[in-house]
Every structure is written in structure tokens, then in C-alpha cells.
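So this block is query-v4.txt, compact mmCIF, C-alpha atoms:
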```txt
# COMPACT_ATOMS: atom_id res chain seq x y z
CA MET A 1 -22.85 2.75 -19.75
CA ASP A 2 -22.24 4.82 -16.60
CA ASP A 3 -20.07 3.63 -13.73
CA ALA A 4 -22.96 2.79 -11.42
CA THR A 5 -24.65 0.58 -14.01
CA ALA A 6 -21.40 -1.15 -14.92
CA VAL A 7 -20.59 -1.79 -11.25
CA ALA A 8 -24.05 -3.21 -10.61
CA ARG A 9 -23.75 -5.54 -13.61
CA VAL A 10 -20.28 -6.75 -12.59
CA ARG A 11 -21.54 -7.42 -9.09
CA SER A 12 -24.35 -9.50 -10.46
CA GLY A 13 -21.83 -11.66 -12.33
CA ASP A 14 -21.51 -9.93 -15.72
CA ARG A 15 -17.73 -9.93 -16.09
CA GLU A 16 -17.77 -8.22 -19.50
CA SER A 17 -19.28 -5.06 -18.01
CA PHE A 18 -16.00 -4.51 -16.21
CA ARG A 19 -14.58 -3.57 -19.60
CA ALA A 20 -16.52 -0.28 -19.55
CA LEU A 21 -14.94 0.62 -16.22
CA VAL A 22 -11.45 -0.27 -17.46
CA GLU A 23 -11.90 1.77 -20.61
CA SER A 24 -13.22 4.86 -18.91
CA HIS A 25 -10.67 5.01 -16.05
CA SER A 26 -7.47 3.50 -17.45
CA ASN A 27 -5.88 6.69 -18.75
CA HIS A 28 -6.37 8.58 -15.52
CA ILE A 29 -5.08 5.68 -13.43
CA PHE A 30 -2.02 5.31 -15.64
CA LYS A 31 -1.15 9.01 -15.27
CA LEU A 32 -1.55 8.82 -11.51
CA ALA A 33 0.59 5.67 -11.30
CA PHE A 34 3.26 7.23 -13.46
CA ARG A 35 3.43 10.39 -11.37
CA MET A 36 3.87 8.32 -8.24
CA THR A 37 6.63 6.12 -9.65
CA ASN A 38 8.12 8.08 -12.56
CA ASN A 39 8.60 4.75 -14.27
CA GLU A 40 6.55 3.46 -17.18
CA GLN A 41 6.98 -0.22 -16.43
CA ASP A 42 6.06 0.19 -12.76
CA ALA A 43 3.09 2.34 -13.76
CA GLU A 44 1.80 -0.37 -16.12
CA GLU A 45 2.16 -2.98 -13.37
CA ILE A 46 0.26 -0.75 -10.97
CA VAL A 47 -2.55 -0.09 -13.46
CA GLN A 48 -3.10 -3.80 -14.08
CA GLU A 49 -2.97 -4.68 -10.40
CA THR A 50 -5.35 -1.82 -9.58
CA PHE A 51 -8.04 -3.13 -11.92
CA LEU A 52 -7.53 -6.74 -10.89
CA ARG A 53 -7.80 -5.78 -7.24
CA ALA A 54 -10.85 -3.63 -7.95
CA TYR A 55 -12.56 -6.54 -9.69
CA ARG A 56 -11.84 -8.90 -6.82
CA ARG A 57 -13.10 -6.41 -4.25
CA ILE A 58 -16.01 -4.96 -6.15
CA GLY A 59 -18.34 -6.54 -3.61
CA ASP A 60 -16.87 -4.19 -0.99
CA PHE A 61 -17.52 -1.09 -3.08
CA GLU A 62 -20.27 1.05 -1.61
CA SER A 63 -22.62 2.02 -4.41
CA ARG A 64 -23.19 5.54 -3.11
CA SER A 65 -19.45 6.29 -3.39
CA ASN A 66 -17.63 7.46 -6.49
CA PHE A 67 -16.06 4.57 -8.36
CA GLY A 68 -13.19 6.77 -9.61
CA THR A 69 -12.27 7.81 -6.06
CA TRP A 70 -12.38 4.20 -4.90
CA LEU A 71 -10.17 3.13 -7.79
CA HIS A 72 -7.79 5.99 -7.05
CA ARG A 73 -7.33 4.67 -3.50
CA ILE A 74 -6.64 1.17 -4.74
CA CYS A 75 -4.10 2.58 -7.18
CA VAL A 76 -2.32 4.46 -4.38
CA ASN A 77 -2.04 1.27 -2.36
CA CYS A 78 -0.76 -0.71 -5.33
CA ALA A 79 1.86 2.00 -5.88
CA LEU A 80 2.86 1.71 -2.24
CA ASP A 81 3.39 -2.03 -2.76
CA VAL A 82 5.40 -1.58 -5.95
CA LEU A 83 7.59 1.19 -4.53
CA GLY A 84 8.14 -0.85 -1.37
CA LYS A 85 9.19 -3.84 -3.44
CA ARG A 86 11.47 -1.67 -5.54
CA GLN A 87 13.11 -0.20 -2.45
CA ARG A 88 13.60 -3.56 -0.77
CA HIS A 89 15.27 -4.89 -3.89
CA GLY A 90 17.42 -1.77 -4.10
CA GLU A 91 16.32 -1.13 -7.66
CA GLN A 92 16.91 2.23 -9.23
CA SER A 93 14.11 1.47 -11.70
CA LEU A 94 15.53 3.67 -14.42
CA THR A 95 14.40 2.74 -17.86
CA PRO A 96 16.45 3.66 -20.96
CA ASP A 97 14.13 6.49 -21.89
CA ASP A 98 13.95 7.90 -18.40
CA ASP A 99 15.66 11.07 -19.50
CA GLU A 100 12.44 12.09 -21.17
CA GLN A 101 10.34 11.23 -18.15
CA GLU A 102 12.07 12.89 -15.24
CA PRO A 103 10.21 15.58 -13.33
CA GLN A 104 10.41 18.73 -15.37
CA VAL A 105 11.90 21.82 -13.86
CA ARG A 106 9.75 24.84 -14.46
CA SER A 107 11.65 27.24 -16.64
CA GLU A 108 10.65 30.73 -17.68
CA ALA A 109 13.36 31.21 -20.32
CA PRO A 110 14.73 27.96 -21.67
CA GLY A 111 18.10 29.16 -22.99
CA PRO A 112 20.92 26.62 -23.51
CA GLU A 113 22.51 27.28 -20.11
CA ARG A 114 19.18 27.19 -18.36
CA MET A 115 18.26 23.96 -20.10
CA LEU A 116 21.55 22.38 -19.06
CA LEU A 117 20.92 23.39 -15.48
CA SER A 118 17.31 22.23 -15.70
CA GLY A 119 18.47 18.83 -16.85
CA GLU A 120 20.84 18.58 -13.94
CA VAL A 121 18.22 19.79 -11.49
CA GLY A 122 15.67 17.36 -12.89
CA GLU A 123 18.08 14.49 -12.43
CA ARG A 124 18.87 15.55 -8.90
CA ILE A 125 15.20 15.94 -8.06
CA GLU A 126 14.54 12.39 -9.21
CA GLN A 127 17.49 11.15 -7.16
CA ALA A 128 16.10 12.98 -4.15
CA MET A 129 12.67 11.42 -4.78
CA GLU A 130 14.28 7.97 -4.95
CA ALA A 131 15.68 8.54 -1.47
CA LEU A 132 12.21 9.01 0.01
CA SER A 133 10.34 6.16 1.62
CA PRO A 134 7.35 4.92 -0.44
CA SER A 135 4.88 6.55 1.96
CA GLU A 136 6.76 9.85 1.85
CA ARG A 137 7.01 9.79 -1.92
CA ILE A 138 3.36 9.00 -2.48
CA ALA A 139 2.11 11.50 0.09
CA PHE A 140 4.34 14.18 -1.45
CA VAL A 141 3.23 13.48 -5.02
CA LEU A 142 -0.44 13.43 -4.04
CA ARG A 143 -0.13 16.69 -2.11
CA HIS A 144 2.33 18.56 -4.31
CA CYS A 145 1.53 17.32 -7.80
CA GLU A 146 -2.08 16.14 -7.53
CA GLY A 147 -3.17 18.90 -5.14
CA GLN A 148 -5.00 16.53 -2.81
CA SER A 149 -5.73 17.55 0.77
CA LEU A 150 -4.00 15.82 3.67
CA ARG A 151 -7.36 14.36 4.64
CA GLU A 152 -7.89 12.79 1.22
CA ILE A 153 -4.37 11.38 1.25
CA ALA A 154 -4.89 9.96 4.73
CA LYS A 155 -8.03 8.19 3.51
CA ALA A 156 -6.23 6.78 0.49
CA LEU A 157 -3.26 5.54 2.51
CA GLN A 158 -5.51 4.45 5.38
CA VAL A 159 -3.41 6.24 7.95
CA GLN A 160 -4.01 9.14 10.32
CA GLU A 161 -3.88 12.67 8.94
CA ALA A 162 -1.01 13.40 11.35
CA SER A 163 1.03 10.65 9.66
CA VAL A 164 0.46 12.26 6.26
CA LYS A 165 1.66 15.59 7.63
CA GLN A 166 4.81 13.82 8.78
CA TYR A 167 5.32 12.10 5.41
CA VAL A 168 4.94 15.34 3.47
CA PHE A 169 7.12 17.26 5.89
CA ARG A 170 9.87 14.63 5.85
CA ALA A 171 9.72 14.45 2.07
CA VAL A 172 10.18 18.21 1.69
CA GLN A 173 12.89 18.26 4.34
CA LYS A 174 14.84 15.42 2.72
CA MET A 175 14.53 16.90 -0.74
CA ARG A 176 15.64 20.31 0.42
CA SER A 177 18.66 18.91 2.20
CA GLN A 178 19.63 16.77 -0.80
CA LEU A 179 19.19 19.62 -3.25
CA GLN A 180 20.83 22.29 -1.09
CA PRO A 181 24.27 22.07 -2.75
CA LEU A 182 22.71 22.43 -6.17
CA ARG A 183 20.65 25.42 -5.10
CA GLN A 184 23.73 27.13 -3.68
CA HIS A 185 25.65 26.35 -6.86
CA SER A 186 22.91 27.75 -9.09
CA MET B 1 1.37 41.68 24.43
CA LYS B 2 1.61 38.14 23.12
CA GLN B 3 5.04 37.28 21.72
CA HIS B 4 5.11 35.89 18.18
CA VAL B 5 6.59 32.42 17.83
CA HIS B 6 8.13 31.78 14.41
CA LEU B 7 6.70 28.96 12.35
CA SER B 8 8.48 25.64 12.74
CA GLU B 9 9.78 23.88 9.61
CA GLU B 10 6.78 21.60 9.69
CA GLU B 11 4.38 24.51 10.00
CA LEU B 12 6.08 26.24 7.09
CA VAL B 13 5.41 23.22 4.88
CA LEU B 14 1.80 23.07 6.06
CA ALA B 15 1.42 26.79 5.47
CA HIS B 16 2.76 26.45 1.94
CA TYR B 17 0.12 23.85 1.16
CA GLY B 18 -2.64 25.83 2.86
CA GLU B 19 -3.04 23.26 5.62
CA LEU B 20 -2.13 25.46 8.57
CA ARG B 21 -4.74 26.83 10.95
CA GLU B 22 -5.85 30.32 9.94
CA ALA B 23 -4.98 31.84 13.33
CA THR B 24 -1.36 30.68 13.13
CA LEU B 25 -1.14 31.65 9.49
CA SER B 26 -2.42 35.18 9.99
CA GLU B 27 0.16 35.68 12.74
CA ALA B 28 2.88 34.47 10.38
CA ARG B 29 1.74 36.93 7.71
CA GLU B 30 2.69 39.77 10.01
CA CYS B 31 6.19 38.39 10.58
CA PRO B 32 8.86 39.29 7.99
CA ASP B 33 11.06 36.31 9.02
CA CYS B 34 8.25 33.81 8.55
CA GLN B 35 7.32 35.45 5.25
CA LYS B 36 10.91 35.16 4.05
CA GLN B 37 11.07 31.49 5.04
CA LEU B 38 7.75 30.83 3.32
CA SER B 39 8.87 32.56 0.19
CA GLU B 40 12.13 30.53 0.08
CA LEU B 41 10.23 27.31 0.56
CA GLY B 42 7.74 28.28 -2.13
CA GLY B 43 10.61 29.06 -4.50
CA PHE B 44 12.18 25.68 -3.88
CA LEU B 45 8.94 23.72 -4.27
CA ALA B 46 8.10 25.59 -7.45
CA THR B 47 11.11 23.91 -9.08
CA VAL B 48 9.61 20.47 -8.48
CA ALA B 49 7.02 19.93 -11.19
CA PRO B 50 5.14 16.66 -11.72
CA ALA B 51 6.61 14.09 -14.05
CA THR B 52 4.86 14.19 -17.42
CA ALA B 53 3.27 10.84 -18.12
CA PRO B 54 3.80 9.44 -21.60
CA GLU B 55 0.64 9.69 -23.68
CA ARG B 56 -1.56 6.65 -24.02
CA GLY B 57 -3.79 6.46 -27.07
CA GLU B 58 -7.53 6.05 -27.22
CA GLU B 59 -7.07 2.30 -27.53
CA TYR B 60 -5.27 2.04 -24.22
CA GLY B 61 -8.39 1.01 -22.31
CA THR B 62 -9.12 -1.76 -24.80
CA GLN B 63 -5.50 -2.96 -24.74
CA LEU B 64 -5.53 -3.00 -20.96
CA TRP B 65 -8.82 -4.90 -20.92
CA ASN B 66 -7.35 -7.51 -23.26
CA ALA B 67 -4.29 -7.82 -21.03
CA ILE B 68 -6.20 -8.40 -17.81
CA ARG B 69 -9.35 -10.13 -19.01
CA ALA B 70 -7.92 -13.63 -18.75
CA ARG B 71 -6.58 -12.88 -15.29
CA LEU B 72 -9.91 -11.87 -13.79
CA PRO B 73 -10.97 -14.52 -11.32
CA LYS B 74 -14.10 -16.43 -12.22
CA LYS B 75 -16.52 -16.10 -9.38
CA GLU B 76 -17.97 -19.58 -9.66
CA GLN B 77 -14.48 -21.06 -9.39
CA ARG B 78 -13.61 -18.97 -6.39
CA ARG B 79 -16.37 -20.43 -4.25
CA GLY B 80 -16.39 -23.91 -2.87
CA ASN B 81 -12.97 -25.09 -3.99
CA TRP B 82 -11.40 -26.82 -1.06
CA PHE B 83 -8.11 -27.68 -2.62
CA PRO B 84 -5.67 -25.71 -4.73
CA SER B 85 -5.67 -26.02 -8.49
CA ALA B 86 -3.44 -28.46 -10.30
CA GLN B 87 -1.38 -25.56 -11.57
CA ALA B 88 -0.63 -24.43 -8.04
CA TRP B 89 0.58 -27.88 -7.13
CA ALA B 90 2.54 -28.13 -10.34
CA MET B 91 4.64 -25.18 -9.34
CA GLY B 92 6.33 -27.53 -6.92
CA THR B 93 8.33 -24.79 -5.35
CA ALA B 94 8.50 -23.11 -2.03
CA LEU B 95 6.21 -20.49 -3.49
CA GLY B 96 3.67 -23.17 -4.26
CA ALA B 97 3.93 -24.41 -0.72
CA VAL B 98 3.26 -20.99 0.66
CA ILE B 99 0.28 -20.56 -1.64
CA VAL B 100 -1.23 -23.86 -0.56
CA ALA B 101 -0.76 -22.92 3.06
CA ALA B 102 -2.48 -19.62 2.50
CA PHE B 103 -5.26 -21.29 0.57
CA LEU B 104 -5.94 -23.81 3.30
CA LEU B 105 -5.68 -21.16 5.94
CA GLY B 106 -8.09 -18.95 4.07
CA ARG B 107 -10.65 -21.69 3.64
CA TYR B 108 -10.39 -22.54 7.27
CA TYR B 109 -10.56 -19.02 8.57
CA SER B 110 -13.44 -17.99 6.35
CA ARG B 111 -15.50 -20.88 7.65
CA GLN B 112 -15.13 -19.92 11.31
CA PRO B 113 -18.42 -18.18 11.93
CA GLN B 114 -20.52 -20.71 10.10
CA GLY B 115 -20.95 -23.01 13.05
CA ARG B 116 -20.96 -26.79 12.72
CA ALA B 117 -20.01 -28.49 9.53
CA THR B 118 -21.12 -31.85 8.27
CA THR B 119 -18.96 -34.90 8.83
CA ALA B 120 -18.03 -35.08 5.19
CA ALA B 121 -17.06 -31.45 4.99
CA VAL B 122 -14.92 -31.65 8.11
CA SER B 123 -13.25 -34.75 6.82
CA ASN B 124 -12.27 -32.81 3.72
CA GLN B 125 -10.80 -30.04 5.84
CA MET B 126 -8.49 -32.18 7.95
CA PRO B 127 -4.92 -31.39 6.98
CA THR B 128 -2.65 -34.05 5.58
CA VAL B 129 0.93 -34.33 6.85
CA LYS B 130 2.17 -32.06 4.10
CA GLU B 131 -0.54 -29.52 4.76
CA ARG B 132 0.19 -29.64 8.48
CA VAL B 133 3.80 -28.70 7.84
CA LEU B 134 2.58 -25.78 5.80
CA LEU B 135 0.11 -24.72 8.46
CA VAL B 136 3.00 -24.65 10.92
CA ALA B 137 4.83 -22.27 8.56
CA VAL B 138 1.82 -19.97 8.38
CA GLY B 139 1.40 -20.15 12.14
CA GLU B 140 5.03 -19.18 12.61
CA HIS B 141 4.62 -16.26 10.21
CA LEU B 142 1.70 -14.97 12.24
CA GLU B 143 3.55 -15.54 15.50
CA ARG B 144 6.58 -13.62 14.27
CA SER B 145 4.37 -10.80 13.03
CA GLN B 146 2.62 -10.72 16.35
CA MET B 147 5.97 -10.44 18.15
CA VAL B 148 6.95 -7.44 16.04
CA LEU B 149 3.64 -5.73 16.80
CA LEU B 150 3.93 -6.53 20.51
CA GLU B 151 7.46 -5.16 20.73
CA LEU B 152 6.36 -1.92 19.10
CA MET B 153 3.41 -1.62 21.45
CA ASN B 154 5.66 -2.22 24.46
CA ALA B 155 8.69 -0.20 23.36
CA PRO B 156 9.95 2.24 26.01
CA ASP B 157 8.52 5.76 25.83
CA GLU B 158 11.65 7.71 25.05
CA LYS B 159 12.31 10.69 22.83
CA THR B 160 13.85 8.53 20.12
CA VAL B 161 13.35 4.79 19.85
CA ASP B 162 15.60 2.35 18.03
CA ILE B 163 13.36 0.00 16.03
CA SER B 164 16.09 -1.43 13.78
CA SER B 165 15.49 -4.98 15.03
CA GLU B 166 11.71 -4.78 14.42
CA GLN B 167 12.42 -3.16 11.08
CA ARG B 168 14.64 -6.00 9.86
CA ARG B 169 12.07 -8.57 10.87
CA ALA B 170 9.25 -6.59 9.28
CA GLU B 171 11.20 -6.48 6.00
CA ASP B 172 11.51 -10.28 6.10
CA LEU B 173 7.83 -10.75 6.84
CA VAL B 174 6.39 -8.44 4.19
CA ASN B 175 6.97 -10.66 1.17
CA ALA B 176 5.51 -13.80 2.70
CA ASN B 177 2.59 -11.78 3.98
CA ARG B 178 1.92 -10.39 0.51
CA LEU B 179 1.77 -13.90 -0.94
CA TYR B 180 -0.66 -15.08 1.71
CA ARG B 181 -2.84 -12.03 1.14
CA GLN B 182 -2.85 -12.31 -2.65
CA VAL B 183 -3.87 -15.94 -2.58
CA ALA B 184 -6.54 -15.28 0.02
CA GLU B 185 -7.90 -12.54 -2.26
CA GLN B 186 -7.82 -14.77 -5.31
CA ASN B 187 -9.80 -17.39 -3.45
CA GLY B 188 -12.39 -14.92 -2.27
CA ASP B 189 -11.37 -15.19 1.39
CA ALA B 190 -12.09 -11.55 2.10
CA ARG B 191 -11.86 -11.87 5.89
CA ILE B 192 -8.37 -13.30 5.97
CA ALA B 193 -7.28 -11.02 3.12
CA ASP B 194 -8.43 -7.99 5.14
CA VAL B 195 -6.46 -9.04 8.21
CA LEU B 196 -3.36 -9.69 6.13
CA ASP B 197 -3.86 -6.42 4.26
CA ASP B 198 -3.92 -4.49 7.53
CA LEU B 199 -0.92 -6.44 8.77
CA GLU B 200 1.01 -5.79 5.56
CA ARG B 201 0.36 -2.08 5.80
CA VAL B 202 1.82 -1.92 9.29
CA LEU B 203 4.76 -4.15 8.37
CA LEU B 204 5.51 -1.91 5.38
CA GLU B 205 5.26 1.15 7.56
CA VAL B 206 7.76 -0.33 10.01
CA ALA B 207 10.06 -1.56 7.25
CA HIS B 208 10.14 1.86 5.62
CA SER B 209 10.57 3.91 8.77
CA PRO B 210 13.99 5.19 9.80
CA SER B 211 15.76 2.83 12.22
CA GLU B 212 15.42 5.48 14.93
CA ILE B 213 12.01 7.07 15.21
CA THR B 214 10.64 9.79 17.41
CA ASP B 215 8.14 9.16 20.17
CA ALA B 216 5.53 10.89 17.98
CA ASP B 217 6.19 8.46 15.10
CA LEU B 218 6.01 5.52 17.47
CA ALA B 219 2.72 6.83 18.83
CA GLN B 220 1.39 6.98 15.26
CA LEU B 221 2.45 3.42 14.59
CA ARG B 222 0.79 2.27 17.78
CA LYS B 223 -2.36 4.14 16.88
CA GLN B 224 -2.39 2.42 13.50
CA ILE B 225 -2.05 -0.98 15.15
CA GLU B 226 -4.67 -0.20 17.77
CA SER B 227 -7.22 1.46 15.49
CA LYS B 228 -7.64 -1.67 13.42
CA GLY B 229 -7.54 -4.06 16.38
CA LEU B 230 -4.74 -5.69 14.45
CA LEU B 231 -2.98 -7.40 17.30
CA PHE B 232 -6.21 -9.07 18.36
CA LYS B 233 -7.08 -10.18 14.83
CA VAL B 234 -3.63 -11.65 14.21
CA LYS B 235 -3.77 -13.41 17.56
CA VAL B 236 -7.16 -14.95 16.75
CA LEU B 237 -5.98 -16.05 13.32
CA GLN B 238 -2.82 -17.56 14.70
CA SER B 239 -4.72 -19.31 17.44
CA ASN B 240 -7.11 -20.81 14.87
CA VAL B 241 -4.23 -22.14 12.81
CA LYS B 242 -2.56 -23.55 15.89
CA HIS B 243 -5.75 -25.21 17.01
CA ARG B 244 -6.37 -26.71 13.60
CA ASN B 245 -2.95 -28.26 13.63
CA SER B 246 -3.08 -29.47 17.23
CA PRO B 247 -2.99 -33.22 18.03
CA GLN B 248 -6.41 -32.89 19.70
CA ALA B 249 -7.96 -31.47 16.54
CA ARG B 250 -6.39 -34.22 14.48
CA ARG B 251 -7.51 -36.92 16.90
CA ALA B 252 -11.06 -35.60 16.56
CA THR B 253 -11.00 -36.23 12.82
CA PRO B 254 -14.31 -37.81 11.89
CA ALA B 255 -12.57 -40.07 9.43
CA GLN B 256 -10.81 -41.61 12.41
CA ASN B 257 -13.46 -41.72 15.07
CA GLY B 258 -16.70 -40.93 13.32
CA ALA B 259 -17.54 -38.01 15.60
CA LYS B 260 -18.71 -34.63 14.40
CA GLN B 261 -16.15 -31.86 14.75
CA LYS B 262 -16.89 -28.31 15.73
CA ILE B 263 -14.87 -25.82 13.72
```

If you convert what's in this file into C-alpha cells, what do you get?
Amino acid sequence: MDDATAVARVRSGDRESFRALVESHSNHIFKLAFRMTNNEQDAEEIVQETFLRAYRRIGDFESRSNFGTWLHRICVNCALDVLGKRQRHGEQSLTPDDDEQEPQVRSEAPGPERMLLSGEVGERIEQAMEALSPSERIAFVLRHCEGQSLREIAKALQVQEASVKQYVFRAVQKMRSQLQPLRQHS
Amino acid sequence: MKQHVHLSEEELVLAHYGELREATLSEARECPDCQKQLSELGGFLATVAPATAPERGEEYGTQLWNAIRARLPKKEQRRGNWFPSAQAWAMGTALGAVIVAAFLLGRYYSRQPQGRATTAAVSNQMPTVKERVLLVAVGEHLERSQMVLLELMNAPDEKTVDISSEQRRAEDLVNANRLYRQVAEQNGDARIADVLDDLERVLLEVAHSPSEITDADLAQLRKQIESKGLLFKVKVLQSNVKHRNSPQARRATPAQNGAKQKI
């Protein structure tokens, strides 16, 4: 069943048709949520909330739009909520297996010394990411890791494009200043 | 001959991501200093690679469906319920109280444009003492939110603006707002949920901003508030709640005087 058919059926009251949408988009949404949070538990929470919110608002979905894009925007907003909550509660949100999940540092020649340094850099990068505001973090991940344009990000976050420019700029600036000592050291 | 102005830090970031105007970019290509800066920035950003998401198997979609299926709201239950479920009442906590308030508020607000209601329907909508207390709480939440928005709109136009006071209050308001919004959504009150969604976005933005922001940041915040007509919507919502809880509205209860009530 394609997305358009499934959406039409859900809108007409067929709840079970929502399953097709969940099954076809869940992996992509999980990956996106994980990249934005770098935390498996938070990503799972975001995925569930994204689909629940999508179901509740499916009446607002414009049929001519792409369901995946619409879902992507909902996911971004759920991530904003979760990161905001995490920041307000001062959580570090590190899970026991976080060592395996930190942003990877690109490495041409992974010798032992290089790997040691990469591990340290990876840890510092994640610390620097934790210091960003939720909007800065999400805008940065969407621009830097997902390759989305500022316009697309602005639509997803429902803010002006100029705000997204500021978020991305501040994110890069903060990360550079936090990682400066490490860069000098290396 | 026109003098070349080096790219600002912000322009360097935009240039790296290919978001700078071509005219400015082509000028920068001719400048060794700008090229050097761009190359350094590129080198730094190349070290930041995306986190690798753990693999999810082919069954993930099915597992997820099983996890959320029971939580999907049933449409027929979302419509026409005037009072909260027994479970909501059973919570018996402050959270429950907030949910009830939001529920009642949502029902009330969503009925606004529908004109006159029948005597019986209005009688059902009249708040009890307990509900009135809760409506006051919701009204206060909206009033406090409105104050934060107003202060931001009327903040002095200076180079840097201290918004630490608004920020603290926004942080306090976000959680309550989220609860109201979620319950409004669950009950299918899309209109109130939309207003609260817009409000939450601005409150989050304020809460997550630095305590001192530039005039440009403040202008962005104001634009965000203005573009959605948020202040007006919150004002209308708050005024509706206030009216509903006013002595006049209660005196006009059909159960007491038999008259029809306009809502």
C-alpha cells in the first residue's frame, strides 16, 4: 500500500492502515531522531511521539504533500521538545553504551595513537554538542549531517530562515571555541 | 576600485555550507585570507561526522506499531466527550487537575464559533466549583504567558537586551503549556492545541536563548510572535476563559434561571 492510499484510509477511520505508514517510515525516523539526540532512549521516545502526533494530526496533512517530509518535520519538533526537556532537567543523557554511539571522527589512518585521539575528540565533540541549545543542535545536525538547506530547516522548525542561519552559526562558533584547546593540542 | 571586505565569521559558515550569495562568494575566492579561513573552517567541520545510529532490524516497524497501537486515540471517543475519563480523575494529582482544566478549556474554546448552544448543552458546560478553580489556573497561565510576550515586544531597542527575567518565567511556563497542549491534542481540540503549540515554540525559544541577546535576535523573536498573531490569539483565549469563569456567566446558567446562554 502506498503512502497516499494509507493516509486516505486512516483519514476515513481505518486505524489499521496506519501500520503501513509506521512500517515504511520507522527506520528512517529512528535514524534521524538518533542523529539529533545521540541517545538511543531519547530517539525511541521521539519516534513513538512522532507517529502518535502524526496520527492525531493526520487530518491536517495536505494530500498533495509528501508524507515522509511531513513526518520528518514532526520528528524535528518532537526532538526539540525532548532536547528542551533534557536541558531543563540538566540531564547528560549518557547511556552505558554511549561510547559506541558518539559522533565518529573521520580518520584516514586509524593507528593506535590516532584512534586514542579520535576517541578523545569524539568525546569532546559530544560534550560541545551538549552545550548547544536544542534549536542550535537540531539546526546544526540537519544542516551539517543531513545536508538540508537552511530553507528546509526553517520550514521544519517553523522559524525564519534568518533564525536558522543564527542557530547554525552559533553552533559552529560554540563548538569551535570549545574544541580550540584540543585542536591546538593535536 | 572597490575594496574587498573579508568575510565575517557568519559568512564563512554560510560559505562553507554553500548558502552565501554567489557575488560575495566569488569575491572571497579571490582573497587568500578568506580562502585560508574557509579552509580552516572546512578542516574543523570535517572532523565532526554524524553519529552512527544503531541498526534496527526489519521487524522494527512491526515492533513500533505494536508499541503505539494501543496508544492511538480512538476517533469516536475523541468527539463529544464533555468530561474527562475516569482514569484522568483517578490520577488525583496536580497533573490530573491540570489535565482536566485543559480538557474543559479545550471543549469550551473549540465550541466558540458554533454559535448558540441548546439549554441542555450549556448546562453541561457550566463549570463546577472545582472546575472553576482549575479554569482560574489556566487563565493565570495564559496571563503570565501573555506578560512574557508583551515584555519581549516592548523591550527597549538596544544593542544587547537582558531577557533573563523573561527567560526564567518562560522556563516555568513551558511544562504546564506542554500538558495543556497534549491534552487538547488528545481530545481533538485542534484550535486550542495550535495556539498552545505556537505559544510553546516561542516559550522554548525564549527559555533556550542566552540571557543577553542581540537586537537582531530580539527582532527575530518579535517577528516569530507577530507572524503567528500569537499575542492576539493568547489574549482571545485568556479572555474566553476569564469570561467563562466570571460571576455574570455563572449567573446566566440556564440551570439557575432557565435562560439560554450565548457562548

Quick one, how far is CA of Ala6 in chain A from CA of Ala53 in chain B?
27.6 Å

Using only C-alpha atoms for the distances, tell me which of A:Ala43, A:Met36, A:Ala156, A:Ala139 is nearest to Ile74 in chain A.
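Of all the options, A:Ala156 lies closest to Ile74 in chain A.
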
So which residues touch Arg201 in chain B within 10 Å, counting only C-alpha atoms, skipping near sequence neighbours fewer than 3 positions away, as a PyMOL selection string?
(chain A and resi 77+80-81+157-159) or (chain B and resi 174+178+196-198+204-207+224-225)

I need the chain B residues near chain A as a ChimeraX atom specification; criterion: at most 8 Å, counting only C-alpha atoms.
/B:10,13-14,17,19,44,46-54,56,60-62,64-65,68,71-73,75,171,185-186,188,204-205,208-209,217,220,224

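Across the structure, CA of Lys36 in chain B and CA of Leu142 in chain A are spaced 25.8 Å apart.
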